[in-house]
>>> print(open('target.pdb').read())   # PDB, C-alpha atoms and all ligand atoms
ATOM      1  CA  MET A1370     123.108 119.776 137.394
ATOM      2  CA  THR A1371     120.539 117.608 139.109
ATOM      3  CA  THR A1372     120.951 114.540 141.276
ATOM      4  CA  ALA A1373     120.062 112.495 138.194
ATOM      5  CA  ASP A1374     123.550 113.323 136.914
ATOM      6  CA  VAL A1375     125.256 111.774 139.925
ATOM      7  CA  PRO A1376     126.457 108.235 139.212
ATOM      8  CA  ASP A1377     124.814 105.595 141.341
ATOM      9  CA  VAL A1378     127.792 104.537 143.447
ATOM     10  CA  PRO A1379     127.237 102.490 146.603
ATOM     11  CA  VAL A1380     128.263 104.503 149.670
ATOM     12  CA  THR A1381     130.537 101.679 150.803
ATOM     13  CA  ALA A1382     132.725 102.001 147.698
ATOM     14  CA  THR A1383     135.307 104.315 149.238
ATOM     15  CA  PRO A1384     138.156 104.517 146.729
ATOM     16  CA  ALA A1385     141.544 103.454 148.041
ATOM     17  CA  PRO A1386     144.020 106.333 148.294
ATOM     18  CA  PRO A1387     146.471 106.463 145.408
ATOM     19  CA  GLU A1388     149.742 104.600 145.686
ATOM     20  CA  VAL A1389     152.834 106.403 146.917
ATOM     21  CA  GLU A1390     155.027 107.161 143.898
ATOM     22  CA  LEU A1391     158.705 107.410 144.896
ATOM     23  CA  LEU A1392     160.639 109.681 142.537
ATOM     24  CA  ALA A1393     164.439 109.812 142.894
ATOM     25  CA  GLY A1394     165.954 113.287 142.898
ATOM     26  CA  ARG A1395     168.958 114.211 140.792
ATOM     27  CA  ALA A1396     172.282 115.383 142.198
ATOM     28  CA  ALA A1397     173.206 118.935 141.239
ATOM     29  CA  THR A1398     175.372 121.748 142.578
ATOM     30  CA  VAL A1399     174.026 125.212 143.330
ATOM     31  CA  GLY A1400     176.272 128.041 144.516
ATOM     32  CA  GLY A1401     178.904 125.581 145.777
ATOM     33  CA  VAL A1402     176.421 123.419 147.674
ATOM     34  CA  GLY A1403     175.306 119.938 146.689
ATOM     35  CA  VAL A1404     171.562 119.584 146.179
ATOM     36  CA  HIS A1405     169.012 116.904 145.467
ATOM     37  CA  ARG A1406     166.765 118.272 142.740
ATOM     38  CA  LEU A1407     163.353 116.813 143.595
ATOM     39  CA  LEU A1408     161.232 118.897 141.185
ATOM     40  CA  PRO A1409     160.761 119.138 138.284
ATOM     41  CA  GLN A1410     160.931 115.463 137.346
ATOM     42  CA  ARG A1411     160.390 113.969 133.942
ATOM     43  CA  ALA A1412     157.436 112.033 135.299
ATOM     44  CA  ARG A1413     156.157 114.847 137.498
ATOM     45  CA  ARG A1414     156.535 118.467 136.506
ATOM     46  CA  LEU A1415     154.326 120.028 139.169
ATOM     47  CA  VAL A1416     152.717 119.312 142.531
ATOM     48  CA  GLY A1417     149.883 121.826 142.662
ATOM     49  CA  ALA A1418     151.661 125.077 141.775
ATOM     50  CA  TRP A1419     154.980 123.828 143.245
ATOM     51  CA  CYS A1420     157.284 123.575 140.249
ATOM     52  CA  PHE A1421     160.839 123.411 141.622
ATOM     53  CA  ALA A1422     162.384 121.898 144.749
ATOM     54  CA  ASP A1423     166.074 121.646 145.612
ATOM     55  CA  HIS A1424     167.063 120.009 148.879
ATOM     56  CA  LEU A1425     170.388 121.536 149.938
ATOM     57  CA  ARG A1426     172.012 118.421 151.306
ATOM     58  CA  GLN A1427     175.432 119.732 152.322
ATOM     59  CA  VAL A1428     176.222 118.239 155.717
ATOM     60  CA  PRO A1429     178.797 119.588 158.200
ATOM     61  CA  ALA A1430     182.068 118.307 156.781
ATOM     62  CA  ALA A1431     185.807 118.962 156.793
ATOM     63  CA  GLU A1432     185.323 121.707 154.247
ATOM     64  CA  PRO A1433     181.902 123.219 154.792
ATOM     65  CA  ALA A1434     180.683 124.798 151.615
ATOM     66  CA  ARG A1435     179.276 128.284 151.680
ATOM     67  CA  LEU A1436     176.148 128.864 149.644
ATOM     68  CA  ASP A1437     176.866 131.732 147.290
ATOM     69  CA  VAL A1438     174.425 132.367 144.495
ATOM     70  CA  GLY A1439     175.056 135.616 142.645
ATOM     71  CA  PRO A1440     172.356 137.913 141.243
ATOM     72  CA  HIS A1441     170.068 136.107 138.808
ATOM     73  CA  PRO A1442     166.617 136.772 137.337
ATOM     74  CA  HIS A1443     163.202 135.232 137.976
ATOM     75  CA  MET A1444     159.873 135.548 136.187
ATOM     76  CA  GLY A1445     156.414 134.076 136.807
ATOM     77  CA  LEU A1446     157.173 132.338 140.093
ATOM     78  CA  GLN A1447     157.543 132.757 143.830
ATOM     79  CA  THR A1448     160.721 131.603 145.574
ATOM     80  CA  VAL A1449     160.329 129.979 148.987
ATOM     81  CA  THR A1450     163.562 129.804 150.960
ATOM     82  CA  TRP A1451     163.297 127.407 153.896
ATOM     83  CA  VAL A1452     166.394 126.922 156.015
ATOM     84  CA  VAL A1453     166.694 124.102 158.557
ATOM     85  CA  ALA A1454     170.325 124.820 159.557
ATOM     86  CA  GLY A1455     172.545 127.842 158.988
ATOM     87  CA  GLU A1456     171.476 131.172 157.554
ATOM     88  CA  VAL A1457     171.035 132.706 154.126
ATOM     89  CA  LEU A1458     171.166 136.395 153.285
ATOM     90  CA  HIS A1459     168.674 137.391 150.578
ATOM     91  CA  ARG A1460     169.156 140.544 148.525
ATOM     92  CA  ASP A1461     166.899 141.551 145.660
ATOM     93  CA  SER A1462     166.280 144.232 143.065
ATOM     94  CA  LEU A1463     163.467 145.681 145.185
ATOM     95  CA  GLY A1464     166.126 146.717 147.717
ATOM     96  CA  SER A1465     165.311 143.933 150.197
ATOM     97  CA  GLU A1466     168.150 142.638 152.352
ATOM     98  CA  GLN A1467     166.966 139.901 154.679
ATOM     99  CA  LEU A1468     168.642 137.137 156.627
ATOM    100  CA  VAL A1469     166.542 133.986 156.891
ATOM    101  CA  ARG A1470     167.096 131.560 159.775
ATOM    102  CA  PRO A1471     165.563 128.186 160.652
ATOM    103  CA  GLY A1472     161.854 128.489 161.365
ATOM    104  CA  GLN A1473     161.495 131.604 159.197
ATOM    105  CA  LEU A1474     160.306 132.130 155.655
ATOM    106  CA  ASN A1475     161.589 134.299 152.821
ATOM    107  CA  LEU A1476     158.994 134.530 150.040
ATOM    108  CA  MET A1477     159.806 136.464 146.881
ATOM    109  CA  THR A1478     157.247 137.022 144.138
ATOM    110  CA  ALA A1479     158.840 137.541 140.728
ATOM    111  CA  GLY A1480     155.834 138.544 138.624
ATOM    112  CA  TYR A1481     157.081 140.105 135.366
ATOM    113  CA  GLY A1482     160.637 140.280 136.645
ATOM    114  CA  VAL A1483     162.910 140.482 139.672
ATOM    115  CA  SER A1484     166.484 139.495 140.469
ATOM    116  CA  HIS A1485     168.087 138.326 143.691
ATOM    117  CA  SER A1486     171.191 136.847 145.301
ATOM    118  CA  GLU A1487     171.473 134.297 148.086
ATOM    119  CA  GLU A1488     174.546 134.447 150.260
ATOM    120  CA  GLY A1489     175.525 131.921 152.930
ATOM    121  CA  ALA A1490     176.105 133.785 156.184
ATOM    122  CA  ALA A1491     179.135 133.168 158.375
ATOM    123  CA  THR A1492     177.418 131.466 161.311
ATOM    124  CA  SER A1493     177.115 127.676 161.596
ATOM    125  CA  GLY A1494     180.417 127.506 159.716
ATOM    126  CA  GLY A1495     178.638 128.884 156.682
ATOM    127  CA  THR A1496     176.978 125.516 156.198
ATOM    128  CA  VAL A1497     173.421 125.725 154.983
ATOM    129  CA  GLN A1498     170.779 123.036 154.935
ATOM    130  CA  GLY A1499     167.306 123.652 153.710
ATOM    131  CA  VAL A1500     165.000 123.594 150.761
ATOM    132  CA  GLN A1501     164.693 126.077 147.918
ATOM    133  CA  LEU A1502     161.286 125.933 146.265
ATOM    134  CA  TRP A1503     159.414 127.691 143.490
ATOM    135  CA  ILE A1504     155.685 128.167 143.118
ATOM    136  CA  ALA A1505     154.317 128.887 139.629
ATOM    137  CA  GLN A1506     152.243 132.061 139.532
ATOM    138  CA  PRO A1507     148.807 131.973 137.938
ATOM    139  CA  ALA A1508     147.724 134.089 134.955
ATOM    140  CA  ALA A1509     146.221 136.697 137.301
ATOM    141  CA  THR A1510     149.555 137.711 138.868
ATOM    142  CA  ARG A1511     152.382 136.322 136.792
ATOM    143  CA  ASN A1512     152.883 139.529 134.800
ATOM    144  CA  GLY A1513     152.288 141.720 137.827
ATOM    145  CA  PRO A1514     154.702 143.540 140.149
ATOM    146  CA  ALA A1515     157.455 141.815 142.110
ATOM    147  CA  ALA A1516     157.269 141.637 145.903
ATOM    148  CA  PHE A1517     159.166 140.278 148.883
ATOM    149  CA  GLU A1518     157.965 139.054 152.282
ATOM    150  CA  HIS A1519     159.832 137.857 155.346
ATOM    151  CA  HIS A1520     157.939 135.941 158.012
ATOM    152  CA  PRO A1521     159.942 135.636 161.237
ATOM    153  CA  GLN A1522     157.241 133.561 162.928
ATOM    154  CA  LEU A1523     154.898 130.989 161.491
ATOM    155  CA  PRO A1524     152.066 128.923 162.979
ATOM    156  CA  SER A1525     153.126 125.621 164.487
ATOM    157  CA  PRO A1526     150.259 123.151 165.012
ATOM    158  CA  SER A1527     150.696 119.862 166.853
ATOM    159  CA  LEU A1528     150.422 116.629 164.862
ATOM    160  CA  GLY A1529     150.427 114.112 167.679
ATOM    161  CA  ALA A1530     153.912 112.620 167.346
ATOM    162  CA  GLY A1531     155.431 115.871 166.176
ATOM    163  CA  ARG A1532     154.518 119.319 165.007
ATOM    164  CA  ALA A1533     154.325 121.269 161.791
ATOM    165  CA  THR A1534     155.481 124.723 160.793
ATOM    166  CA  VAL A1535     153.103 126.056 158.170
ATOM    167  CA  LEU A1536     155.040 128.002 155.522
ATOM    168  CA  VAL A1537     152.124 128.761 153.227
ATOM    169  CA  GLY A1538     148.446 127.829 153.184
ATOM    170  CA  THR A1539     146.768 125.763 155.893
ATOM    171  CA  LEU A1540     147.566 122.548 157.771
ATOM    172  CA  ALA A1541     145.801 121.119 160.817
ATOM    173  CA  GLY A1542     143.724 124.258 161.229
ATOM    174  CA  ALA A1543     146.719 126.605 161.236
ATOM    175  CA  THR A1544     147.137 129.125 158.417
ATOM    176  CA  SER A1545     150.351 130.875 157.391
ATOM    177  CA  PRO A1546     150.262 134.653 156.888
ATOM    178  CA  ALA A1547     152.326 134.258 153.691
ATOM    179  CA  ARG A1548     150.976 135.510 150.363
ATOM    180  CA  ARG A1549     149.307 132.861 148.251
ATOM    181  CA  ASP A1550     148.336 133.349 144.605
ATOM    182  CA  THR A1551     146.970 129.823 144.082
ATOM    183  CA  ASP A1552     145.278 127.242 146.302
ATOM    184  CA  HIS A1553     148.309 125.466 147.804
ATOM    185  CA  MET A1554     150.089 124.655 151.054
ATOM    186  CA  GLY A1555     153.572 123.883 152.288
ATOM    187  CA  ALA A1556     154.723 122.853 155.757
ATOM    188  CA  GLU A1557     157.787 121.539 157.540
ATOM    189  CA  LEU A1558     157.087 118.468 159.685
ATOM    190  CA  GLU A1559     159.206 117.745 162.742
ATOM    191  CA  LEU A1560     158.348 114.178 163.632
ATOM    192  CA  ARG A1561     159.069 112.022 166.653
ATOM    193  CA  PRO A1562     158.938 108.230 166.658
ATOM    194  CA  GLY A1563     155.313 107.175 166.700
ATOM    195  CA  ARG A1564     152.322 108.022 164.609
ATOM    196  CA  ALA A1565     151.350 111.431 163.287
ATOM    197  CA  VAL A1566     148.110 112.003 161.421
ATOM    198  CA  LEU A1567     147.976 114.937 159.020
ATOM    199  CA  PRO A1568     144.607 116.126 157.785
ATOM    200  CA  LEU A1569     144.786 116.806 154.035
ATOM    201  CA  ASP A1570     142.544 118.550 151.533
ATOM    202  CA  PRO A1571     141.454 115.785 149.116
ATOM    203  CA  ALA A1572     141.191 118.355 146.290
ATOM    204  CA  TYR A1573     144.963 118.847 146.539
ATOM    205  CA  GLU A1574     147.698 116.664 145.156
ATOM    206  CA  HIS A1575     150.494 116.267 147.710
ATOM    207  CA  ALA A1576     154.141 115.267 147.887
ATOM    208  CA  LEU A1577     156.498 114.648 150.779
ATOM    209  CA  ALA A1578     160.255 115.250 150.837
ATOM    210  CA  VAL A1579     162.267 113.967 153.793
ATOM    211  CA  VAL A1580     165.130 116.226 154.845
ATOM    212  CA  GLU A1581     166.440 114.294 157.871
ATOM    213  CA  GLY A1582     165.790 110.733 159.004
ATOM    214  CA  ALA A1583     163.315 108.487 157.227
ATOM    215  CA  VAL A1584     159.520 108.219 157.191
ATOM    216  CA  ARG A1585     157.367 105.175 156.516
ATOM    217  CA  LEU A1586     154.272 105.810 154.402
ATOM    218  CA  GLY A1587     152.391 102.531 154.348
ATOM    219  CA  ALA A1588     154.676 100.067 152.566
ATOM    220  CA  SER A1589     157.121 102.769 151.349
ATOM    221  CA  THR A1590     160.044 104.292 153.205
ATOM    222  CA  VAL A1591     160.916 107.833 152.200
ATOM    223  CA  ALA A1592     164.475 109.065 152.817
ATOM    224  CA  PRO A1593     166.398 112.194 151.765
ATOM    225  CA  GLY A1594     166.983 112.437 148.033
ATOM    226  CA  ALA A1595     163.550 111.289 146.897
ATOM    227  CA  LEU A1596     160.147 112.841 146.487
ATOM    228  CA  ALA A1597     157.104 110.825 147.532
ATOM    229  CA  TYR A1598     154.209 111.827 145.270
ATOM    230  CA  LEU A1599     150.882 111.154 146.969
ATOM    231  CA  GLY A1600     148.336 112.137 144.335
ATOM    232  CA  THR A1601     144.932 113.661 145.026
ATOM    233  CA  GLY A1602     141.966 112.300 146.928
ATOM    234  CA  ARG A1603     143.545 111.829 150.350
ATOM    235  CA  SER A1604     141.818 113.265 153.380
ATOM    236  CA  GLU A1605     144.664 112.343 155.705
ATOM    237  CA  LEU A1606     148.235 111.134 155.729
ATOM    238  CA  VAL A1607     149.581 108.854 158.447
ATOM    239  CA  VAL A1608     153.340 109.133 158.921
ATOM    240  CA  GLU A1609     155.286 106.756 161.151
ATOM    241  CA  PRO A1610     158.954 107.588 161.657
ATOM    242  CA  ASP A1611     161.094 105.088 163.589
ATOM    243  CA  ALA A1612     163.434 107.877 164.682
ATOM    244  CA  PRO A1613     163.196 111.677 164.732
ATOM    245  CA  ALA A1614     162.653 112.938 161.204
ATOM    246  CA  ARG A1615     162.152 116.202 159.396
ATOM    247  CA  ALA A1616     160.137 116.457 156.205
ATOM    248  CA  LEU A1617     158.493 118.963 153.911
ATOM    249  CA  LEU A1618     154.893 118.479 152.815
ATOM    250  CA  MET A1619     153.712 120.362 149.755
ATOM    251  CA  GLY A1620     150.331 120.309 148.126
ATOM    252  CA  GLY A1621     147.884 122.192 146.008
ATOM    253  CA  VAL A1622     145.038 122.065 143.542
ATOM    254  CA  PRO A1623     146.498 120.665 140.308
ATOM    255  CA  PHE A1624     147.774 123.647 138.313
ATOM    256  CA  PRO A1625     145.227 124.433 135.598
ATOM    257  CA  GLU A1626     147.621 125.392 132.798
ATOM    258  CA  PRO A1627     150.762 123.756 131.404
ATOM    259  CA  VAL A1628     153.852 125.740 132.340
ATOM    260  CA  LEU A1629     157.142 125.999 130.516
ATOM    261  CA  MET A1630     160.308 126.373 132.577
ATOM    262  CA  TRP A1631     163.751 127.287 131.370
ATOM    263  CA  TRP A1632     166.677 128.388 133.559
ATOM    264  CA  ASN A1633     165.137 130.700 136.166
ATOM    265  CA  TYR A1634     161.986 131.600 134.302
ATOM    266  CA  VAL A1635     158.503 130.135 134.464
ATOM    267  CA  GLY A1636     156.223 131.000 131.568
ATOM    268  CA  ARG A1637     153.804 129.564 129.067
ATOM    269  CA  ASP A1638     155.670 129.635 125.764
ATOM    270  CA  ARG A1639     159.163 129.764 124.329
ATOM    271  CA  ASP A1640     158.882 133.312 123.048
ATOM    272  CA  GLU A1641     158.266 134.814 126.456
ATOM    273  CA  LEU A1642     161.107 132.814 128.023
ATOM    274  CA  ALA A1643     163.485 133.912 125.246
ATOM    275  CA  ALA A1644     162.352 137.543 125.617
ATOM    276  CA  ALA A1645     162.967 137.424 129.370
ATOM    277  CA  HIS A1646     166.430 136.006 128.849
ATOM    278  CA  ARG A1647     167.283 138.684 126.274
ATOM    279  CA  SER A1648     166.292 141.293 128.873
ATOM    280  CA  TRP A1649     168.593 139.705 131.455
ATOM    281  CA  THR A1650     171.484 139.313 128.999
ATOM    282  CA  ASP A1651     171.054 142.889 127.751
ATOM    283  CA  ASP A1652     170.555 144.166 131.332
ATOM    284  CA  ASP A1653     167.759 146.371 129.988
ATOM    285  CA  GLY A1654     166.280 147.171 133.396
ATOM    286  CA  ARG A1655     163.430 144.674 133.437
ATOM    287  CA  PHE A1656     165.073 142.659 136.230
ATOM    288  CA  GLY A1657     166.578 145.601 138.098
ATOM    289  CA  ARG A1658     169.876 145.456 139.965
ATOM    290  CA  VAL A1659     170.957 143.679 143.130
ATOM    291  CA  ALA A1660     173.440 145.301 145.523
ATOM    292  CA  SER A1661     175.462 142.102 145.974
ATOM    293  CA  PRO A1662     179.241 141.588 146.107
ATOM    294  CA  LEU A1663     178.746 138.402 144.077
ATOM    295  CA  ALA A1664     179.016 138.231 140.297
ATOM    296  CA  ARG A1665     175.862 138.291 138.200
ATOM    297  CA  LEU A1666     174.955 134.829 136.851
ATOM    298  CA  THR A1667     174.601 134.185 133.160
ATOM    299  CA  ALA A1668     173.431 131.317 131.001
ATOM    300  CA  PRO A1669     173.612 130.613 127.303
ATOM    301  CA  GLY A1670     170.384 131.307 125.444
ATOM    302  CA  PRO A1671     167.556 128.783 125.405
ATOM    303  CA  PRO A1672     168.290 125.638 123.356
ATOM    304  CA  TRP A1673     165.550 126.406 120.845
ATOM    305  CA  ALA A1674     167.037 129.879 120.166
ATOM    306  CA  ALA A1675     170.661 128.774 119.632
ATOM    307  CA  THR A1676     172.438 125.924 117.913
ATOM    308  CA  ARG A1677     175.214 125.075 120.349
ATOM    309  CA  SER A1678     173.911 125.763 123.854
ATOM    310  CA  PRO A1679     173.180 122.694 125.926
ATOM    311  CA  HIS A1680     170.066 122.704 128.047
ATOM    312  CA  PRO A1681     170.951 124.104 131.496
ATOM    313  CA  LEU A1682     168.850 121.478 133.263
ATOM    314  CA  ALA A1683     171.071 118.807 131.725
ATOM    315  CA  ALA A1684     174.393 120.626 131.573
ATOM    316  CA  PRO A1685     176.643 120.326 134.628
ATOM    317  CA  GLY A1686     179.197 122.783 133.240
ATOM    318  CA  HIS A1687     177.419 126.029 134.110
ATOM    319  CA  ASP A1688     174.757 127.512 136.280
ATOM    320  CA  GLY A1689     171.459 125.676 136.210
ATOM    321  CA  PRO A1690     168.292 127.028 137.757
ATOM    322  CA  VAL A1691     168.814 128.614 141.176
TER     323      VAL A1691
HETATM  324 MN    MN B1701     166.732 132.244 142.771
END
>>> encode(input="target.pdb", output="structure tokens")
Amino acid sequence: MTTADVPDVPVTATPAPPEVELLAGRAATVGGVGVHRLLPQRARRLVGAWCFADHLRQVPAAEPARLDVGPHPHMGLQTVTWVVAGEVLHRDSLGSEQLVRPGQLNLMTAGYGVSHSEEGAATSGGTVQGVQLWIAQPAATRNGPAAFEHHPQLPSPSLGAGRATVLVGTLAGATSPARRDTDHMGAELELRPGRAVLPLDPAYEHALAVVEGAVRLGASTVAPGALAYLGTGRSELVVEPDAPARALLMGGVPFPEPVLMWWNYVGRDRDELAAAHRSWTDDDGRFGRVASPLARLTAPGPPWAATRSPHPLAAPGHDGPV
């Protein structure tokens, strides 16, 4: 390519950043805890490689619910468990047994197959608040071995009116030690009233989920239960909370391939999702075993492989993705 290929654009023509797109989450229940399902959305399947986001919205109440998600399979994705209150005990088929507390990260890589359970621990009344996220794995690793990482400490750069905790990737010059198979980032933002400026990678698309409080983004106000999609092409994000707020920023280079998700599997076509589910249903060893006191989760077969099974994403009567 030569400079002759570059369009003759005046240097003053800086494109305006894309509009903030507010996407309402859907109410769901996971392991006895109410969640806002923020991803996937009909209008927005992915943000970078981020393909699933549940905000556990259970608040301390008369009958605090205990998060109890029995052993279930995963394929082709990483699970990111981010707790802001309470504790969750993770057990998986690799033999991992790891409590995750606020400020820490549990990151499980499924690859070709893994299974895990998530159990609400007894402290904080068993009440858990946090975000459960999935990251789609790229072709290079998605059929590879499973793995698990626990990060008890993460970098925490200042943002002016607030600070971040970088779960994965880089923000404000601070880089998480967590494994990363694609070019993406995720960070918790603890914001004070005022103005925080977050430097962003314009090659990434970004989205913001508010967990506590509310955050103004230009003319939009983002509150819990919605996902603010920010698009690509931004080199910074100015956030202005009126009161203390907590949010999750996720971003990444737009994922290069279409992904297909069903139940707890991320793949590329129906056949591989159906094959994975047969392995789980038959308990043929592909997903291993979890040493959990909780019952193994099941789901009817995929809707394209059966005549009567409703789609788990739309069916409240049984276990959806967890
Ligand atoms: Mn899971």
>>> residues_near_ligand(input="target.pdb", ligand="ligand MN 1701 (chain B)", cutoff="8 Å", atoms="all atoms listed in the file", output="list in words")
Val1438, His1441, Pro1442, His1443, Thr1448, Ser1484, His1485, Ser1486, Glu1487, Asn1633, Pro1690 and Val1691 of chain A
>>> atom_distance(input="target.pdb", atom1="atom CA of Val1500 of chain A", atom2="atom CA of Arg1406 of chain A")
9.8 Å
>>> residues_near_point(input="target.pdb", point="(156.0, 124.9, 166.9)", cutoff="10 Å", atoms="all atoms listed in the file", output="list in words")
Gly1472, Gln1522, Leu1523, Pro1524, Ser1525, Pro1526, Ser1527, Gly1531, Arg1532, Ala1533, Thr1534, Val1535, Leu1558 and Glu1559 of chain A
>>> resolve_selection(input="target.pdb", expression="the PyMOL selection byres (((chain A and resi 1575) around 6) and not hetatm)", output="VMD selection string")
chain A and resid 1574 1576 1599 to 1600 1619 to 1620
>>> residues_around(input="target.pdb", residues="Leu1463 of chain A", least_positions_apart="5", cutoff="12 Å", atoms="all atoms listed in the file", output="list of chain:residue names")
A:Met1477, A:Thr1478, A:Ala1479, A:Gly1482, A:Val1483, A:Ser1484, A:His1485, A:Ser1486, A:Pro1514, A:Ala1515, A:Ala1516, A:Phe1517, A:Glu1518, A:Arg1655, A:Phe1656, A:Gly1657, A:Arg1658, A:Val1659, A:Ala1660
>>> atom_distance(input="target.pdb", atom1="atom CA of Pro1625 of chain A", atom2="atom CA of Pro1568 of chain A")
23.7 Å
>>> residues_around(input="target.pdb", residues="Ala1578 of chain A", least_positions_apart="2", cutoff="8 Å", atoms="only C-alpha atoms", output="ChimeraX atom specification")
/A:1576,1580,1591-1597,1616-1618
>>> write_last_selection(input="target.pdb", atoms="C-alpha atoms", output="PDB file, in the frame of the given file")
ATOM      1  CA  ALA A1576     154.141 115.267 147.887  1.00  0.00           C
ATOM      2  CA  VAL A1580     165.130 116.226 154.845  1.00  0.00           C
ATOM      3  CA  VAL A1591     160.916 107.833 152.200  1.00  0.00           C
ATOM      4  CA  ALA A1592     164.475 109.065 152.817  1.00  0.00           C
ATOM      5  CA  PRO A1593     166.398 112.194 151.765  1.00  0.00           C
ATOM      6  CA  GLY A1594     166.983 112.437 148.033  1.00  0.00           C
ATOM      7  CA  ALA A1595     163.550 111.289 146.897  1.00  0.00           C
ATOM      8  CA  LEU A1596     160.147 112.841 146.487  1.00  0.00           C
ATOM      9  CA  ALA A1597     157.104 110.825 147.532  1.00  0.00           C
ATOM     10  CA  ALA A1616     160.137 116.457 156.205  1.00  0.00           C
ATOM     11  CA  LEU A1617     158.493 118.963 153.911  1.00  0.00           C
ATOM     12  CA  LEU A1618     154.893 118.479 152.815  1.00  0.00           C
TER      13      LEU A1618
END
>>> residues_around(input="target.pdb", residues="Pro1562 of chain A", least_positions_apart="3", cutoff="6 Å", atoms="all atoms listed in the file", output="PyMOL selection string")
chain A and resi 1610-1613
>>> resolve_selection(input="target.pdb", expression="the PyMOL selection byres (((chain A and resi 1452-1454) around 10) and not hetatm)", output="PyMOL selection string")
chain A and resi 1424-1425+1428+1449-1451+1455-1457+1469-1475+1492-1493+1495-1501+1557+1580-1581+1615
>>> residues_around(input="target.pdb", residues="Arg1637 of chain A", least_positions_apart="2", cutoff="12 Å", atoms="all atoms listed in the file", output="list of chain:residue names")
A:Met1444, A:Gly1445, A:Leu1446, A:Ala1505, A:Gln1506, A:Pro1507, A:Ala1508, A:Arg1511, A:Asn1512, A:Pro1625, A:Glu1626, A:Pro1627, A:Val1628, A:Leu1629, A:Met1630, A:Trp1631, A:Tyr1634, A:Val1635, A:Arg1639, A:Asp1640, A:Glu1641, A:Leu1642, A:Ala1643
>>> residues_around(input="target.pdb", residues="Leu1458 of chain A", least_positions_apart="2", cutoff="6 Å", atoms="only C-alpha atoms", output="count of residues only")
4
>>> closest_residue(input="target.pdb", among="A:Val1608, A:Leu1663, A:Ala1614, A:Ala1541", to="Arg1460 of chain A", atoms="only C-alpha atoms")
A:Leu1663
>>> atom_distance(input="target.pdb", atom1="atom CA of Ala1396 of chain A", atom2="atom CA of Asp1423 of chain A")
9.5 Å
>>> closest_residue(input="target.pdb", among="A:Ala1509, A:Leu1540, A:Val1622, A:Ala1583", to="Gly1417 of chain A", atoms="all atoms listed in the file")
A:Val1622
>>> closest_residue(input="target.pdb", among="A:Tyr1573, A:Trp1419, A:Trp1632, A:Trp1649", to="Glu1605 of chain A", atoms="all atoms listed in the file")
A:Tyr1573
>>> resolve_selection(input="target.pdb", expression="the PyMOL selection byres (((chain A and resi 1397) around 9) and not hetatm)", output="PyMOL selection string")
chain A and resi 1395-1396+1398-1399+1402-1406+1423+1685+1689
>>> closest_residue(input="target.pdb", among="A:Met1554, A:Leu1392, A:Leu1528, A:Leu1502", to="Ala1422 of chain A", atoms="all atoms listed in the file")
A:Leu1502
